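Visitor: Would you mind keeping the following structure in view while I ask a few things?
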Amino acid sequence: MEGSRLTKAVQREIEAAVGGACSAAREDRICYSFDATDIRGLPDIVVWPESRDHVVAVAKIASRAHLPLVPRGAGTGYTGGSIPICGGIALSFEKMKRVIDVDVAARVAVVEPGVVNEDLRNAVERVGLMYPPDPASLKVSTIGGNVAEGAAGPRTVLYGTTGDYVVGLELVTVDGSVARTGYLASGSGTAWDPGPLIVGSEGTLAVVTRVALRLTDVPEATRTYWAEFDSLENAAAAVAVITADGVPVSVLEIIDRDTLACATEYVRGRAPDTRSEGALLIEVEGISSDLTGMWGRLKPLLERSGATLVRAASDERERDEIWEIRRSISASLARLATGKINEDIAVPRSRIPAFIQEMRCISREVDLPILAFGHAGDGNLHVNIMLDRADSLQVARARRAVSMLFRVALESDGTLSGEHGIGITKAEHLAEELDEAALRITAAVKRALDPSGLLNPDKILTDRPNPWWSDPAVSAIV
Ligand SMILES: Cc1cc2nc3c(=O)[nH]c(=O)nc-3n(C[C@H](O)[C@H](O)[C@H](O)COP(=O)(O)OP(=O)(O)OC[C@H]3O[C@@H](n4cnc5c(N)ncnc54)[C@H](O)[C@@H]3O)c2cc1C
């Protein structure tokens, strides 16, 4: 899509529609021009709706004026989903962040899309319930962004992803119509539910203005374990052994040597005490009596898989120490190089060891470090290619590495994205995963809901190459 143009008249219309809760000032537009990728796209105006009616009014104006409309949560996305790459309106939900209702009997919370994941968790915990989806970005990312990306997290192995908890949506389509699905639609029960179509659609089909989420019981007890291995492949093989044995893990995270060293130094200011090639962070949760004896079951499995160190966290402090390392990984890796490409491929658990071997070969071939960690329990690996962003030869080699990693993931019956979505960065590879008919269906759905292509344009289905690969100046703000 070509760049947009906001006229003074349209700007005044928007201002009137949202009671002035918008800004076309350059400093505000810059704040909404990026996410966790290094890609930039400047909106023409930022709007902070305070209600569904504001969203409806802005959508109508965008349609009439032919302006791109780009929904935005906290901007923590890893694939460029909330970047206004074609300009237009950045629709930021930070003022729509109410937990509207927690129905304890129905075990459902109804929230506005701008509520931060952790704030929802805390609100439902106060009444003895739990909202399980826990992306590592949970302190910042919003429920709207989680729904739009179908976010997953460390506990997906036991609880599933965000989509498994969405029981109702309120949506605003690009022409300003309001649709309610599932729990939020009166009298709906047996009708076909269009809600799942919206989950994971990355803000390209409709704007989410309200979400109903299923809640669960808070587990009575949690046990946390840590294991280290003399090879990453052994750590990966242990993942398959543990799940094949049927141990009901709620967390099964893998961390490679360099990632562990980097995160430990970041958190503790010194190198790790041991020098392992790979580590697993494991949790089980449930009724206390059921967990008794779990360590007795898990420990021999780990030792038989070649673990060189195994330990169970003895109290909450030790548990927090382990999690602090895990939660600091992304921030710590960012210090290692000026460029970090984080791809969230996923493969069947049993294929992780072979994938890691291929990853090492690719790393040698392109002569760039590739660090790996992630939610191994559901096959989701974050592979991080580290490079000097200013070195065009390294950028070209990193691009080749990404293509090779995707090919290996797909050949392993895996996927390009376990949780981060397609957005801008993976769009050029989508046809490698989806067959022609699937792409046609996806395009038809997009056309049906957004015939003018104004809602979050040039995402997922686009010919626009990933701008990250271009000269850095191209993606910088001009
Ligand atoms: C350190 C770090 C750790 C992360 N860990 C994880 C992880 O463990 N698991 C995981 O899945 N992801 C993870 N992510 C990625 C990211 O946090 C998720 O994709 C998250 O769901 C994005 O939420 P957000 O509020 O930041 O949305 P944004 O980045 O602002 O937007 C993401 C997408 O959602 C759309 N969107 C936002 N709000 C709406 C709305 N109201 N209606 C329609 N569309 C909307 C946007 O248009 C965009 O396409 C991580 C990111 C970082 C930086």
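Just so we're on the same page: first chain in the structure tokens is A, next is B, and so on; residues restart at 1 for each chain, and ligands are numbered from 1 in the order they show up.
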Name all residues at most 9 Å from Glu428 (chain A) (count only C-alpha atoms; drop same-chain ones fewer than 2 positions away) and give them as a VMD selection string.
Guide: chain A and resid 424 to 426 430 to 432 460 to 466
Visitor: Okay, now the selection with C-alpha atoms, as a PDB file, in the first residue's frame?
Guide:
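Once everything was written out, this is again.pdb:
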```pdb
ATOM      1  CA  ILE A 424       6.275  -7.676   8.564  1.00  0.00           C
ATOM      2  CA  THR A 425       9.338  -9.759   9.285  1.00  0.00           C
ATOM      3  CA  LYS A 426       8.115 -13.223   8.265  1.00  0.00           C
ATOM      4  CA  LEU A 430       4.686 -17.298   4.555  1.00  0.00           C
ATOM      5  CA  ALA A 431       4.226 -19.058   1.201  1.00  0.00           C
ATOM      6  CA  GLU A 432       6.895 -21.560   2.229  1.00  0.00           C
ATOM      7  CA  ILE A 460       1.096 -11.006   6.927  1.00  0.00           C
ATOM      8  CA  LEU A 461      -0.126 -10.975   3.296  1.00  0.00           C
ATOM      9  CA  THR A 462       2.156  -8.550   1.508  1.00  0.00           C
ATOM     10  CA  ASP A 463       4.800  -8.401  -1.193  1.00  0.00           C
ATOM     11  CA  ARG A 464       6.744  -5.803   0.789  1.00  0.00           C
ATOM     12  CA  PRO A 465      10.129  -7.294   1.709  1.00  0.00           C
ATOM     13  CA  ASN A 466      11.215  -7.162   5.335  1.00  0.00           C
TER      14      ASN A 466
END
```
Visitor: List all protein, DNA and RNA residues that have an atom no more than 7 Å from any atom of ligand 1, counting only C-alpha atoms and all ligand atoms, and report them as an MDAnalysis selection string.
Guide: chainID A and resid 35:36 70:78 81:82 93 113:114 134:137 140:154 202:204 206:209 330:331 419:420 423 456
Visitor: Can you pull out every residue within 10 Å of Leu410 (chain A), counting only C-alpha atoms, but drop anything in the same chain fewer than 5 positions away, and send it as an MDAnalysis selection string?
Guide: chainID A and resid 345:347 404:405 415:416 432:433
Visitor: Could you write out the selected residues, including N, CA and C atoms, as a PDB file, in the first residue's frame?
Guide:
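selection.pdb was written with the following content:
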```pdb
ATOM      1  N   ILE A 345      10.865 -20.209  15.876  1.00  0.00           N
ATOM      2  CA  ILE A 345      10.409 -21.392  15.144  1.00  0.00           C
ATOM      3  C   ILE A 345       9.877 -22.433  16.151  1.00  0.00           C
ATOM      4  N   ALA A 346       9.082 -23.362  15.665  1.00  0.00           N
ATOM      5  CA  ALA A 346       8.655 -24.471  16.531  1.00  0.00           C
ATOM      6  C   ALA A 346       8.711 -25.763  15.732  1.00  0.00           C
ATOM      7  N   VAL A 347       9.150 -26.820  16.379  1.00  0.00           N
ATOM      8  CA  VAL A 347       9.215 -28.147  15.744  1.00  0.00           C
ATOM      9  C   VAL A 347       8.663 -29.170  16.747  1.00  0.00           C
ATOM     10  N   MET A 404      17.595 -20.469   5.992  1.00  0.00           N
ATOM     11  CA  MET A 404      17.979 -21.864   6.227  1.00  0.00           C
ATOM     12  C   MET A 404      17.276 -22.410   7.473  1.00  0.00           C
ATOM     13  N   LEU A 405      17.200 -21.601   8.534  1.00  0.00           N
ATOM     14  CA  LEU A 405      16.540 -22.059   9.770  1.00  0.00           C
ATOM     15  C   LEU A 405      15.064 -22.349   9.507  1.00  0.00           C
ATOM     16  N   THR A 415       7.002 -25.040  12.246  1.00  0.00           N
ATOM     17  CA  THR A 415       6.368 -23.809  11.765  1.00  0.00           C
ATOM     18  C   THR A 415       7.327 -22.626  11.881  1.00  0.00           C
ATOM     19  N   LEU A 416       7.064 -21.599  11.070  1.00  0.00           N
ATOM     20  CA  LEU A 416       7.884 -20.382  11.094  1.00  0.00           C
ATOM     21  C   LEU A 416       7.728 -19.622  12.403  1.00  0.00           C
ATOM     22  N   GLU A 432       6.131 -20.312   2.054  1.00  0.00           N
ATOM     23  CA  GLU A 432       6.895 -21.560   2.229  1.00  0.00           C
ATOM     24  C   GLU A 432       6.158 -22.508   3.176  1.00  0.00           C
ATOM     25  N   GLU A 433       5.314 -21.933   4.057  1.00  0.00           N
ATOM     26  CA  GLU A 433       4.599 -22.779   5.018  1.00  0.00           C
ATOM     27  C   GLU A 433       3.182 -23.112   4.558  1.00  0.00           C
TER      28      GLU A 433
END
```
Visitor: Out of A:Val166, A:Ala376, A:Ala401, A:Leu213, which residue has the shortest atom-to-atom distance to Glu358 (chain A) when counting only C-alpha atoms?
Guide: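 Using only C-alpha atoms, the shortest distance to Glu358 (chain A) belongs to A:Ala401.
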Visitor: With only C-alpha atoms as the basis for distance, which of A:Asp378, A:Asp230, A:Asp320, A:Glu365 is at the shortest distance from Ala307 (chain A)?
Guide: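 Checking each candidate against Ala307 (chain A), we get A:Asp230 as the closest.
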Visitor: Using DSSP on the backbone coordinates, identify the residues of region 159-396 of chain A assigned to strand (DSSP E); present them as a PyMOL selection string.
Guide: chain A and resi 166-172+178-182+207-214+216-217+221-229+249-256+278-286+307-312+339-346+370-375+380-387
Visitor: Figure out the distance between CA of Arg335 (chain A) and CA of Glu265 (chain A), please, to one decimal in Å.
Guide: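 These atoms are spaced 11.2 Å apart.
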Visitor: With a distance cut-off of 9 Å and only C-alpha atoms, select the neighbouring residues of Leu138 (chain A), excluding the residue or stretch itself and same-chain residues fewer than 5 positions from it, and output the selection as number ranges by chain.
Guide: A: 116-119, 133
Visitor: Just give me the gap between CA of Gly41 (chain A) and CA of Ala57 (chain A) in Å, one decimal is fine.
Guide: 23.8 Å
Visitor: Tell me, in Å to one decimal, how far CA of Thr243 (chain A) is from CA of Ser350 (chain A).
Guide: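 So the two atoms, CA of Thr243 (chain A) and CA of Ser350 (chain A), lie 9.7 Å apart.
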Visitor: Which one of A:Gly160, A:Pro132, A:Gly195, A:Pro457 sits closest to Arg210 (chain A) if you count only C-alpha atoms?
Guide: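 Of A:Gly160, A:Pro132, A:Gly195, A:Pro457, the one nearest Arg210 (chain A) is A:Gly195, counting only C-alpha atoms.
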Visitor: From a backbone DSSP assignment, name each residue in region 157-305 of chain A labelled alpha helix (DSSP H), as a ChimeraX atom specification.
Guide: /A:157-159,195-198,232-245,257-268,288-291,294-304
Visitor: Please provide the set of residues having any atom within 8 Å of Leu298 (chain A), restricted to only C-alpha atoms, with same-chain residues fewer than 3 positions apart removed, written as a ChimeraX atom specification.
Guide: /A:242,247,294-295,301-302
Visitor: Check the smallest atom-to-atom distance from each of A:Gly269, A:Asp388, A:Leu434, A:Ser452 to Arg64 (chain A) using only C-alpha atoms, then report the winner.
Guide: A:Ser452
Visitor: Return the single residue from A:Ala25, A:Val104, A:Leu336, A:Val284 that is closest to Arg297 (chain A), with distances computed using only C-alpha atoms.
Guide: A:Val284
